[in-house]
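Quick look at entry34.csv (CSV, C-alpha atoms and all ligand atoms):
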```csv
chain,number,residue,atom,x,y,z
A,1,MET,CA,-43.7,-21.6,-0.6
A,2,PRO,CA,-40.1,-21.7,-1.9
A,3,LYS,CA,-39.5,-24.5,-4.3
A,4,LEU,CA,-37.1,-27.2,-3.0
A,5,PRO,CA,-34.2,-28.0,-5.4
A,6,SER,CA,-34.7,-31.4,-7.1
A,7,LEU,CA,-32.2,-34.0,-5.9
A,8,LYS,CA,-30.1,-35.9,-8.5
A,9,ILE,CA,-29.7,-39.5,-7.6
A,10,PRO,CA,-26.1,-40.6,-8.4
A,11,ASP,CA,-25.9,-43.2,-11.2
A,12,ALA,CA,-23.9,-45.6,-9.0
A,13,VAL,CA,-26.9,-46.2,-6.7
A,14,VAL,CA,-29.5,-46.7,-9.6
A,15,PRO,CA,-29.8,-50.3,-10.7
A,16,PRO,CA,-28.5,-50.6,-14.4
A,17,PRO,CA,-32.0,-51.4,-16.0
A,18,LEU,CA,-33.4,-48.2,-14.5
A,19,ARG,CA,-30.4,-45.9,-15.5
A,20,LYS,CA,-31.1,-43.3,-18.1
A,21,PRO,CA,-29.0,-44.2,-21.2
A,22,PRO,CA,-26.6,-41.4,-22.3
A,23,LYS,CA,-27.5,-39.5,-25.4
A,24,PRO,CA,-25.6,-40.3,-28.6
A,25,GLY,CA,-22.6,-37.9,-28.8
A,26,SER,CA,-22.2,-37.7,-24.9
A,27,LYS,CA,-20.2,-39.8,-22.4
A,28,GLY,CA,-18.2,-41.7,-25.0
A,29,VAL,CA,-21.1,-42.8,-27.1
A,30,PRO,CA,-20.3,-42.0,-30.8
A,31,LYS,CA,-22.9,-39.9,-32.7
A,32,GLY,CA,-25.4,-42.0,-34.6
A,33,GLU,CA,-24.8,-45.1,-32.5
A,34,ALA,CA,-26.9,-46.6,-29.7
A,35,PRO,CA,-25.4,-46.7,-26.2
A,36,SER,CA,-23.6,-50.0,-25.5
A,37,ASP,CA,-26.2,-51.2,-22.9
A,38,LEU,CA,-29.0,-50.8,-25.5
A,39,LYS,CA,-27.2,-52.9,-28.1
A,40,THR,CA,-28.4,-56.4,-28.5
A,41,GLU,CA,-25.6,-58.9,-28.0
A,42,THR,CA,-25.9,-62.6,-28.3
A,43,PRO,CA,-25.5,-64.0,-24.7
A,44,PRO,CA,-22.6,-66.5,-24.3
A,45,ALA,CA,-23.7,-70.2,-24.5
A,46,LYS,CA,-24.4,-71.7,-21.1
A,47,THR,CA,-22.2,-74.5,-19.8
A,48,HIS,CA,-23.8,-77.6,-18.3
A,49,GLY,CA,-22.7,-76.4,-14.8
A,50,ASP,CA,-24.6,-73.0,-15.4
A,51,ARG,CA,-27.7,-74.9,-16.4
A,52,VAL,CA,-27.6,-77.1,-13.3
A,53,LEU,CA,-27.1,-74.0,-11.1
A,54,ASP,CA,-30.1,-72.3,-12.8
A,55,GLN,CA,-32.2,-75.3,-12.1
A,56,ALA,CA,-31.1,-75.5,-8.5
A,57,LYS,CA,-32.1,-71.8,-8.1
A,58,GLU,CA,-35.5,-72.5,-9.5
A,59,ALA,CA,-36.0,-75.6,-7.3
A,60,PRO,CA,-37.8,-73.9,-4.3
A,61,ALA,CA,-40.2,-72.2,-6.6
A,62,ASP,CA,-40.8,-75.5,-8.5
A,63,VAL,CA,-41.5,-77.3,-5.2
A,64,LEU,CA,-44.0,-74.6,-4.1
A,65,ALA,CA,-45.7,-74.7,-7.5
A,66,TRP,CA,-46.0,-78.5,-7.3
A,67,VAL,CA,-47.6,-78.3,-3.8
A,68,ASP,CA,-49.8,-75.4,-4.9
A,69,THR,CA,-51.1,-77.2,-8.0
A,70,ARG,CA,-52.3,-80.0,-5.6
A,71,MET,CA,-53.5,-77.8,-2.7
A,72,GLY,CA,-54.5,-74.5,-4.3
A,73,GLY,CA,-53.3,-72.6,-1.2
A,74,SER,CA,-52.0,-69.6,-3.2
A,75,GLY,CA,-55.5,-68.3,-3.8
A,76,PHE,CA,-56.2,-68.2,0.0
A,77,LEU,CA,-52.8,-66.7,0.7
A,78,THR,CA,-53.2,-64.0,-2.0
A,79,GLY,CA,-56.7,-63.2,-0.7
A,80,MET,CA,-55.4,-62.9,2.8
A,81,LEU,CA,-52.2,-61.0,2.2
A,82,TYR,CA,-53.6,-58.6,-0.4
A,83,ARG,CA,-57.0,-58.0,1.1
A,84,LYS,CA,-58.3,-54.5,1.1
A,85,VAL,CA,-58.4,-52.7,4.4
A,86,PRO,CA,-60.6,-49.7,5.1
A,87,LYS,CA,-59.3,-46.1,5.2
A,88,GLY,CA,-58.0,-44.9,8.5
A,89,THR,CA,-56.6,-48.3,9.6
A,90,ASN,CA,-53.9,-47.5,12.2
A,91,TRP,CA,-51.5,-49.1,14.7
A,92,PHE,CA,-54.3,-50.3,17.0
A,93,TYR,CA,-55.2,-52.8,14.2
A,94,THR,CA,-51.8,-54.6,14.8
A,95,LEU,CA,-52.8,-55.7,18.3
A,96,GLY,CA,-54.5,-58.9,17.0
A,97,SER,CA,-51.4,-59.9,15.0
A,98,ALA,CA,-49.2,-59.0,18.0
A,99,THR,CA,-51.3,-61.4,20.2
A,100,LEU,CA,-50.9,-64.0,17.5
A,101,PHE,CA,-47.1,-63.5,17.5
A,102,ALA,CA,-47.0,-63.7,21.3
A,103,PHE,CA,-48.9,-67.1,21.1
A,104,ILE,CA,-46.4,-68.4,18.5
A,105,VAL,CA,-43.5,-67.4,20.8
A,106,GLN,CA,-45.2,-69.2,23.6
A,107,ALA,CA,-45.7,-72.3,21.5
A,108,VAL,CA,-42.1,-72.5,20.2
A,109,THR,CA,-40.5,-71.8,23.6
A,110,GLY,CA,-42.9,-74.2,25.3
A,111,VAL,CA,-41.8,-77.0,23.0
A,112,PHE,CA,-38.2,-76.5,24.0
A,113,LEU,CA,-39.1,-76.3,27.7
A,114,ALA,CA,-41.1,-79.6,27.4
A,115,MET,CA,-37.9,-81.4,26.2
A,116,PHE,CA,-36.3,-80.8,29.6
A,117,TYR,CA,-39.3,-80.4,32.0
A,118,THR,CA,-40.4,-83.4,34.2
A,119,PRO,CA,-44.1,-83.2,35.3
A,120,SER,CA,-43.6,-85.0,38.5
A,121,ALA,CA,-44.2,-83.6,42.0
A,122,THR,CA,-40.8,-84.8,43.1
A,123,GLN,CA,-38.8,-83.7,40.0
A,124,ALA,CA,-40.6,-80.7,38.6
A,125,TYR,CA,-38.7,-78.1,40.7
A,126,ALA,CA,-35.4,-79.8,40.0
A,127,SER,CA,-36.0,-79.9,36.3
A,128,ILE,CA,-36.8,-76.2,36.2
A,129,SER,CA,-33.6,-75.5,38.2
A,130,HIS,CA,-31.7,-77.7,35.6
A,131,ILE,CA,-33.2,-75.7,32.7
A,132,ASN,CA,-32.3,-72.4,34.3
A,133,ASN,CA,-28.8,-73.3,35.4
A,134,GLU,CA,-27.4,-76.0,33.2
A,135,VAL,CA,-29.2,-76.2,29.9
A,136,PRO,CA,-27.6,-73.9,27.2
A,137,LEU,CA,-29.9,-70.9,26.7
A,138,GLY,CA,-32.4,-72.6,29.1
A,139,ALA,CA,-32.7,-69.5,31.3
A,140,LEU,CA,-33.4,-67.3,28.2
A,141,VAL,CA,-36.1,-69.7,26.8
A,142,HIS,CA,-37.7,-70.1,30.3
A,143,GLY,CA,-37.6,-66.4,30.8
A,144,MET,CA,-39.2,-65.7,27.3
A,145,HIS,CA,-42.0,-68.3,28.1
A,146,LYS,CA,-42.6,-66.9,31.6
A,147,TRP,CA,-42.7,-63.2,30.7
A,148,GLY,CA,-44.3,-63.9,27.3
A,149,SER,CA,-47.3,-65.3,29.1
A,150,SER,CA,-47.9,-61.9,30.7
A,151,VAL,CA,-47.2,-60.1,27.4
A,152,MET,CA,-49.9,-62.3,25.7
A,153,VAL,CA,-52.5,-61.6,28.4
A,154,ILE,CA,-51.8,-57.8,28.2
A,155,LEU,CA,-52.0,-57.9,24.4
A,156,ILE,CA,-55.2,-59.9,24.3
A,157,PHE,CA,-56.9,-57.4,26.6
A,158,LEU,CA,-55.6,-54.5,24.5
A,159,HIS,CA,-56.8,-56.2,21.3
A,160,MET,CA,-60.2,-56.9,22.9
A,161,GLY,CA,-60.4,-53.2,23.9
A,162,ARG,CA,-59.6,-52.1,20.3
A,163,THR,CA,-62.3,-54.3,18.8
A,164,PHE,CA,-64.8,-53.1,21.5
A,165,PHE,CA,-64.1,-49.4,21.2
A,166,PHE,CA,-64.1,-49.6,17.4
A,167,GLY,CA,-67.5,-51.4,17.4
A,168,ALA,CA,-66.0,-54.5,15.7
A,169,TYR,CA,-68.3,-56.8,17.7
A,170,LYS,CA,-71.4,-55.6,15.8
A,171,TYR,CA,-73.1,-57.4,12.9
A,172,PRO,CA,-71.7,-59.4,11.0
A,173,ARG,CA,-68.8,-60.0,13.4
A,174,GLU,CA,-70.6,-61.2,16.5
A,175,LEU,CA,-69.4,-64.7,16.0
A,176,ASN,CA,-65.8,-63.6,15.8
A,177,TRP,CA,-66.3,-61.7,19.1
A,178,VAL,CA,-67.7,-64.8,20.7
A,179,ILE,CA,-64.8,-66.8,19.4
A,180,GLY,CA,-62.5,-64.1,20.8
A,181,VAL,CA,-64.2,-64.3,24.3
A,182,VAL,CA,-63.5,-68.1,24.3
A,183,LEU,CA,-59.9,-67.4,23.3
A,184,LEU,CA,-59.6,-65.0,26.2
A,185,ILE,CA,-60.9,-67.6,28.7
A,186,LEU,CA,-58.5,-70.2,27.2
A,187,THR,CA,-55.5,-67.8,27.3
A,188,MET,CA,-56.3,-67.0,31.0
A,189,THR,CA,-56.6,-70.8,31.7
A,190,MET,CA,-53.2,-71.3,30.0
A,191,ALA,CA,-51.6,-68.7,32.3
A,192,PHE,CA,-53.3,-70.3,35.3
A,193,THR,CA,-52.3,-73.9,34.6
A,194,GLY,CA,-48.7,-72.9,33.6
A,195,TYR,CA,-48.2,-71.1,36.9
A,196,LEU,CA,-48.3,-74.4,38.9
A,197,LEU,CA,-45.7,-76.2,36.7
A,198,PRO,CA,-42.5,-75.0,38.5
A,199,PHE,CA,-44.0,-76.5,41.6
A,200,ASP,CA,-42.3,-74.1,44.0
A,201,GLN,CA,-43.9,-72.6,47.2
A,202,ARG,CA,-45.3,-69.6,45.3
A,203,SER,CA,-46.8,-71.6,42.4
A,204,PHE,CA,-48.2,-74.2,44.8
A,205,TRP,CA,-50.0,-71.7,47.1
A,206,ALA,CA,-51.1,-69.4,44.3
A,207,SER,CA,-52.8,-72.5,42.6
A,208,VAL,CA,-54.5,-73.4,45.9
A,209,VAL,CA,-55.9,-69.9,46.1
A,210,GLY,CA,-56.9,-70.0,42.4
A,211,ILE,CA,-58.6,-73.4,42.7
A,212,ASN,CA,-60.5,-72.2,45.8
A,213,ILE,CA,-61.7,-69.1,44.0
A,214,ASN,CA,-63.0,-71.3,41.1
A,215,GLY,CA,-64.9,-73.3,43.8
A,216,THR,CA,-66.9,-70.2,44.8
A,217,GLY,CA,-68.5,-69.9,41.4
A,218,PRO,CA,-72.3,-70.5,41.1
A,219,VAL,CA,-73.5,-74.0,40.3
A,220,VAL,CA,-70.5,-75.3,38.4
A,221,GLY,CA,-67.9,-73.8,40.8
A,222,PRO,CA,-67.4,-76.8,43.2
A,223,TYR,CA,-67.3,-79.3,40.3
A,224,LEU,CA,-64.7,-77.1,38.5
A,225,SER,CA,-62.5,-76.9,41.5
A,226,ASP,CA,-62.8,-80.7,42.1
A,227,PHE,CA,-61.9,-81.3,38.5
A,228,LEU,CA,-58.8,-78.9,38.7
A,229,ARG,CA,-57.6,-80.3,42.0
A,230,ALA,CA,-57.9,-83.9,40.7
A,231,GLY,CA,-58.1,-85.2,44.3
A,232,PRO,CA,-58.8,-84.1,47.9
A,233,GLU,CA,-55.7,-81.9,48.2
A,234,LEU,CA,-53.4,-80.2,45.7
A,235,GLY,CA,-50.6,-82.6,44.9
A,236,ALA,CA,-49.0,-84.9,42.3
A,237,THR,CA,-52.3,-85.6,40.5
A,238,THR,CA,-53.1,-81.9,40.3
A,239,LEU,CA,-49.7,-81.3,38.6
A,240,SER,CA,-50.3,-84.1,36.0
A,241,ARG,CA,-53.8,-82.7,35.3
A,242,PHE,CA,-52.5,-79.1,34.9
A,243,TYR,CA,-49.7,-80.3,32.7
A,244,ALA,CA,-52.0,-82.2,30.4
A,245,ILE,CA,-54.4,-79.2,30.2
A,246,HIS,CA,-51.5,-76.8,29.6
A,247,MET,CA,-49.6,-78.9,27.1
A,248,LEU,CA,-52.3,-80.7,25.1
A,249,LEU,CA,-55.9,-79.6,25.6
A,250,LEU,CA,-55.6,-75.8,25.6
A,251,PRO,CA,-53.0,-75.4,22.8
A,252,GLY,CA,-55.0,-77.6,20.5
A,253,ALA,CA,-58.2,-75.7,21.3
A,254,ILE,CA,-56.5,-72.3,20.9
A,255,ILE,CA,-54.9,-73.2,17.5
A,256,ALA,CA,-58.3,-74.4,16.2
A,257,LEU,CA,-60.1,-71.3,17.4
A,258,ILE,CA,-57.4,-68.9,16.1
A,259,GLY,CA,-57.9,-70.6,12.7
A,260,ALA,CA,-61.6,-69.9,12.8
A,261,HIS,CA,-60.9,-66.4,14.1
A,262,MET,CA,-58.5,-65.6,11.2
A,263,TYR,CA,-60.9,-67.2,8.6
A,264,LEU,CA,-63.7,-64.9,9.7
A,265,VAL,CA,-61.3,-61.8,9.8
A,266,VAL,CA,-60.4,-62.6,6.1
A,267,LYS,CA,-63.9,-63.4,5.1
A,268,LEU,CA,-65.7,-60.4,6.7
A,269,GLY,CA,-62.9,-57.9,6.3
A,270,THR,CA,-61.8,-55.4,8.9
A,271,THR,CA,-64.0,-52.7,10.5
A,272,ALA,CA,-63.3,-49.1,9.6
A,273,PRO,CA,-62.5,-46.8,12.6
A,274,PRO,CA,-65.7,-45.3,14.0
A,275,TRP,CA,-64.7,-41.7,13.1
A,276,THR,CA,-64.5,-42.4,9.4
A,277,LYS,CA,-67.7,-41.6,7.5
A,278,ALA,CA,-69.5,-44.4,5.7
A,279,GLU,CA,-69.9,-43.8,2.0
A,280,LYS,CA,-73.4,-43.2,0.9
A,281,PRO,CA,-74.9,-45.9,-1.3
A,282,ARG,CA,-74.9,-44.9,-5.0
A,283,VAL,CA,-78.4,-44.0,-6.2
A,284,ALA,CA,-78.9,-44.6,-9.8
A,285,ALA,CA,-80.1,-41.4,-11.4
A,286,PRO,CA,-83.0,-41.6,-13.8
A,287,VAL,CA,-82.0,-41.5,-17.5
A,288,ALA,CA,-84.0,-38.2,-17.9
A,289,GLN,CA,-81.8,-36.6,-15.2
A,290,LEU,CA,-78.6,-37.8,-16.7
A,291,ASP,CA,-79.7,-36.4,-20.0
A,292,ALA,CA,-80.3,-33.1,-18.2
A,293,GLY,CA,-76.7,-33.3,-16.9
A,294,VAL,CA,-77.6,-34.2,-13.2
A,295,GLU,CA,-75.4,-37.1,-11.9
A,296,GLY,CA,-75.5,-39.5,-9.0
A,297,ASN,CA,-73.3,-38.9,-5.9
A,298,GLY,CA,-70.5,-41.2,-7.2
A,299,ALA,CA,-70.2,-43.1,-3.9
A,300,SER,CA,-69.2,-46.8,-3.9
A,301,PRO,CA,-72.2,-49.2,-4.2
A,302,ASN,CA,-70.8,-51.2,-1.3
A,303,GLY,CA,-71.0,-48.3,1.1
A,304,GLY,CA,-67.7,-49.3,2.8
A,305,SER,CA,-67.2,-52.0,5.3
A,306,ARG,CA,-68.4,-50.3,8.5
A,307,SER,CA,-71.0,-52.2,10.5
B,401,LIG,C1,-55.3,-65.7,21.0
B,401,LIG,C2,-56.0,-64.6,20.9
B,401,LIG,C3,-56.4,-63.8,19.7
B,401,LIG,C4,-55.7,-63.6,18.5
B,401,LIG,C5,-54.4,-64.3,18.1
B,401,LIG,C6,-56.4,-62.7,17.7
B,401,LIG,C7,-56.1,-62.3,16.4
B,401,LIG,C8,-56.7,-61.4,15.7
B,401,LIG,C9,-56.3,-60.8,14.5
B,401,LIG,C10,-54.9,-61.0,13.8
B,401,LIG,C11,-57.2,-60.0,14.0
B,401,LIG,C12,-57.2,-59.1,12.7
B,401,LIG,C13,-56.4,-57.8,13.0
B,401,LIG,C14,-57.0,-57.0,14.1
B,401,LIG,O1,-58.1,-56.5,13.9
B,401,LIG,O2,-56.3,-56.7,15.1
B,401,LIG,C15,-58.4,-60.1,14.9
B,401,LIG,C16,-59.6,-59.4,14.7
B,401,LIG,C17,-60.6,-59.5,15.6
B,401,LIG,N1,-60.6,-60.1,16.9
B,401,LIG,FE1,-59.1,-61.2,17.6
B,401,LIG,N2,-57.6,-62.3,18.4
B,401,LIG,C18,-57.5,-62.9,19.6
B,401,LIG,C19,-58.4,-62.7,20.7
B,401,LIG,C20,-59.6,-61.9,20.6
B,401,LIG,C21,-60.5,-61.6,21.7
B,401,LIG,C22,-60.2,-61.9,23.1
B,401,LIG,C23,-61.5,-60.8,21.1
B,401,LIG,C24,-62.7,-60.3,21.8
B,401,LIG,C25,-63.3,-60.8,22.8
B,401,LIG,C26,-61.3,-60.8,19.7
B,401,LIG,C27,-62.1,-60.2,18.8
B,401,LIG,C28,-61.8,-59.9,17.5
B,401,LIG,C29,-62.7,-59.2,16.5
B,401,LIG,C30,-64.2,-58.8,16.8
B,401,LIG,C31,-62.0,-59.0,15.4
B,401,LIG,C32,-62.4,-58.3,14.1
B,401,LIG,C33,-61.9,-56.9,14.1
B,401,LIG,C34,-62.4,-56.0,13.0
B,401,LIG,O3,-63.1,-56.5,12.1
B,401,LIG,O4,-62.0,-54.8,13.0
B,401,LIG,N3,-60.1,-61.4,19.4
B,401,LIG,N4,-58.0,-60.9,15.9
```
I'd like the structure from this file rewritten - as structure tokens, please.
Ligand code: HEM
Amino acid sequence: MPKLPSLKIPDAVVPPPLRKPPKPGSKGVPKGEAPSDLKTETPPAKTHGDRVLDQAKEAPADVLAWVDTRMGGSGFLTGMLYRKVPKGTNWFYTLGSATLFAFIVQAVTGVFLAMFYTPSATQAYASISHINNEVPLGALVHGMHKWGSSVMVILIFLHMGRTFFFGAYKYPRELNWVIGVVLLILTMTMAFTGYLLPFDQRSFWASVVGININGTGPVVGPYLSDFLRAGPELGATTLSRFYAIHMLLLPGAIIALIGAHMYLVVKLGTTAPPWTKAEKPRVAAPVAQLDAGVEGNGASPNGGSRS
């Protein structure tokens, strides 16, 4: 193969500490003298203003250090951000984080919508019209929340598919799978309860259908639909109930469960893709064999993180 010519990086783009100093006798450096940037010069004395500025620059790091000394959170963060991941990790492994991001977007946009939304049967529709037509950026935030809910549902299914097809539900991650299933149910319930909130014809009748479908479930079905309807017919009490579930109950439960889910991901590590080979456990060779020059297989004693 022909050898590619080596590229010379121009000095101007190399940061000064990394630049190669010119040889004595070249580029204006007199023979027998060190280049000017290698000479040690006494730095000029700092003024009071410089010292205050330096302290101000250090302030954020000082505050973080103060908090960390009392909370010890840096150990957890370092463990989480610098944890080892198995070989072969690919883009499919980002689906969980993408779902998390979608949830955060829903939470943030939801807070702003709640500032202008009125959960009353007579005013809900008007408040949504007000958000869409009069509140600055209201249509954008409402649109992000509405489309974001579908994005989150799609992502959560893709993430579940990834964990299923990569065998990540097996020992020791069964509990994380179960937590995931509960998160899936809660996310679907979020989407269902949020759909009624604009209280227009479509959301009203879609919720009637949804509540009736719930009522067909075995044993608990009728109780569940009664609980959701909060009365004999879908109306003002249903809207209040859906709003409370959508705004308070479900976000709290989802945040707590995502916390447990993430804790287990960090504690147990990530599953390697099924097509990567597990390392064989190292077998200690008897001393006699070592003396004779026969060695073990050199594999990691942990045997990788595949389940
Ligand atoms: C709000 C919903 C969810 C969020 C925010 C979330 C987030 C995450 C993240 C960030 C990871 C680590 C990175 C990755 O493997 O993608 C992960 C791993 C995992 N998730 Fe989820 N997840 C959610 C729902 C689910 C669901 C519905 C299931 C299955 C029913 C599930 C099962 C798992 C499992 C088994 C792992 C471990 C994967 C491994 O070890 O390779 N998660 N999740």
Return as a ChimeraX atom specification the residues of protein, DNA or RNA that approach ligand LIG 401 (chain B) to within 6 Å, with only C-alpha atoms and all ligand atoms taken into account. /A:93-97,99-100,156,160,163,168-169,173,176-177,180-181,183-184,258,265,269-271
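You can rank A:Gly167, A:Gly73, A:Gly194, A:Gly252 by their closest distance to Trp147 (chain A) using all atoms listed in the file, and at the top of that list sits A:Gly194.
One finds CA of Ser240 (chain A) at 16.0 Å from CA of Met115 (chain A).
Distance-wise, CA of Ala102 (chain A) and CA of Ser150 (chain A) end up 9.6 Å apart.
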One-decimal distance in Å that lies between CA of Leu257 (chain A) and CA of Val182 (chain A):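 These two atoms are separated by 8.3 Å.
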Find the residue from A:Leu140, A:Glu58, A:Trp275, A:Val266 that sits nearest to Leu81 (chain A); use only C-alpha atoms when measuring. A:Val266
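With all atoms listed in the file as the atoms that count, the minimum distance from Trp91 (chain A) to the choices A:Leu158, A:Leu186, A:Ser203, A:Thr42 is reached by A:Leu158.
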Test item: residues at most 10 Å from Thr189 (chain A), all atoms listed in the file, excluding those fewer than 4 positions along its chain, as an NGL selection string: :A and (183-185 or 193-195 or 242 or 245-246 or 250)
With a distance cut-off of 9 Å and only C-alpha atoms, select the neighbouring residues of Val141 (chain A), excluding the residue or stretch itself and same-chain residues fewer than 3 positions from it, and output the selection as a list in words.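 Selected residues are Thr109, Gly110, Phe112, Leu113, Ile131, Asn132, Leu137, Gly138, Met144, His145 and Lys146 of chain A.
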Rank nothing, just name the residue among A:Lys87, A:Arg162, A:Ala61, A:Phe116 nearest to Ala139 (chain A), using all atoms listed in the file.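 Closest to Ala139 (chain A), using all atoms listed in the file: A:Phe116.
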From the set A:Phe166, A:Val209, A:Ala244, A:Gly221, which residue has the shortest atom-to-atom contact distance to Met190 (chain A), counting all atoms listed in the file? A:Ala244
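Using only C-alpha atoms, the shortest contact distance between Leu268 (chain A) and any of A:Tyr243, A:Phe227, A:Trp66, A:Tyr171 is found at A:Tyr171.
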Could you complete region 85-102 of chain A so that it carries N, CA, C and O atoms, and give it back as an mmCIF file, keeping the file's coordinate frame?
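Final output, selection33.cif:
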```cif
data_model
loop_
_atom_site.group_PDB
_atom_site.id
_atom_site.type_symbol
_atom_site.label_atom_id
_atom_site.label_comp_id
_atom_site.auth_asym_id
_atom_site.auth_seq_id
_atom_site.Cartn_x
_atom_site.Cartn_y
_atom_site.Cartn_z
ATOM 1 N N VAL A 85 -58.024 -53.129 3.077
ATOM 2 C CA VAL A 85 -58.400 -52.700 4.400
ATOM 3 C C VAL A 85 -58.977 -51.304 4.332
ATOM 4 O O VAL A 85 -58.654 -50.552 3.417
ATOM 5 N N PRO A 86 -59.891 -50.969 5.250
ATOM 6 C CA PRO A 86 -60.600 -49.700 5.100
ATOM 7 C C PRO A 86 -59.618 -48.495 5.379
ATOM 8 O O PRO A 86 -58.567 -48.660 5.996
ATOM 9 N N LYS A 87 -60.049 -47.323 4.924
ATOM 10 C CA LYS A 87 -59.300 -46.100 5.200
ATOM 11 C C LYS A 87 -59.185 -45.856 6.679
ATOM 12 O O LYS A 87 -60.127 -46.175 7.414
ATOM 13 N N GLY A 88 -58.090 -45.276 7.126
ATOM 14 C CA GLY A 88 -58.000 -44.900 8.500
ATOM 15 C C GLY A 88 -57.444 -46.020 9.416
ATOM 16 O O GLY A 88 -57.320 -45.848 10.622
ATOM 17 N N THR A 89 -57.141 -47.190 8.819
ATOM 18 C CA THR A 89 -56.600 -48.300 9.600
ATOM 19 C C THR A 89 -55.266 -47.802 10.254
ATOM 20 O O THR A 89 -54.473 -47.131 9.606
ATOM 21 N N ASN A 90 -55.070 -48.081 11.543
ATOM 22 C CA ASN A 90 -53.900 -47.500 12.200
ATOM 23 C C ASN A 90 -53.210 -48.606 13.087
ATOM 24 O O ASN A 90 -53.533 -49.800 12.987
ATOM 25 N N TRP A 91 -52.277 -48.155 13.956
ATOM 26 C CA TRP A 91 -51.500 -49.100 14.700
ATOM 27 C C TRP A 91 -52.307 -49.964 15.662
ATOM 28 O O TRP A 91 -51.905 -51.074 16.007
ATOM 29 N N PHE A 92 -53.491 -49.504 16.088
ATOM 30 C CA PHE A 92 -54.300 -50.300 17.000
ATOM 31 C C PHE A 92 -54.742 -51.624 16.312
ATOM 32 O O PHE A 92 -55.061 -52.595 16.968
ATOM 33 N N TYR A 93 -54.738 -51.617 14.956
ATOM 34 C CA TYR A 93 -55.200 -52.800 14.200
ATOM 35 C C TYR A 93 -54.069 -53.896 14.230
ATOM 36 O O TYR A 93 -54.279 -54.979 13.716
ATOM 37 N N THR A 94 -52.881 -53.560 14.772
ATOM 38 C CA THR A 94 -51.800 -54.600 14.800
ATOM 39 C C THR A 94 -51.864 -55.397 16.082
ATOM 40 O O THR A 94 -51.082 -56.336 16.235
ATOM 41 N N LEU A 95 -52.772 -55.032 16.997
ATOM 42 C CA LEU A 95 -52.800 -55.700 18.300
ATOM 43 C C LEU A 95 -53.169 -57.200 18.174
ATOM 44 O O LEU A 95 -52.663 -58.042 18.915
ATOM 45 N N GLY A 96 -54.074 -57.509 17.229
ATOM 46 C CA GLY A 96 -54.500 -58.900 17.000
ATOM 47 C C GLY A 96 -53.269 -59.721 16.532
ATOM 48 O O GLY A 96 -52.979 -60.806 17.046
ATOM 49 N N SER A 97 -52.541 -59.165 15.548
ATOM 50 C CA SER A 97 -51.400 -59.900 15.000
ATOM 51 C C SER A 97 -50.300 -59.976 16.107
ATOM 52 O O SER A 97 -49.581 -60.982 16.177
ATOM 53 N N ALA A 98 -50.184 -58.946 16.954
ATOM 54 C CA ALA A 98 -49.200 -59.000 18.000
ATOM 55 C C ALA A 98 -49.565 -60.127 19.014
ATOM 56 O O ALA A 98 -48.689 -60.872 19.475
ATOM 57 N N THR A 99 -50.867 -60.288 19.288
ATOM 58 C CA THR A 99 -51.300 -61.400 20.200
ATOM 59 C C THR A 99 -50.963 -62.724 19.526
ATOM 60 O O THR A 99 -50.483 -63.647 20.198
ATOM 61 N N LEU A 100 -51.195 -62.806 18.219
ATOM 62 C CA LEU A 100 -50.900 -64.000 17.500
ATOM 63 C C LEU A 100 -49.382 -64.344 17.595
ATOM 64 O O LEU A 100 -48.970 -65.483 17.852
ATOM 65 N N PHE A 101 -48.562 -63.303 17.426
ATOM 66 C CA PHE A 101 -47.100 -63.500 17.500
ATOM 67 C C PHE A 101 -46.712 -63.964 18.913
ATOM 68 O O PHE A 101 -45.892 -64.875 19.057
ATOM 69 N N ALA A 102 -47.328 -63.347 19.934
ATOM 70 C CA ALA A 102 -47.000 -63.700 21.300
ATOM 71 C C ALA A 102 -47.373 -65.217 21.520
ATOM 72 O O ALA A 102 -46.631 -65.968 22.165
#
```
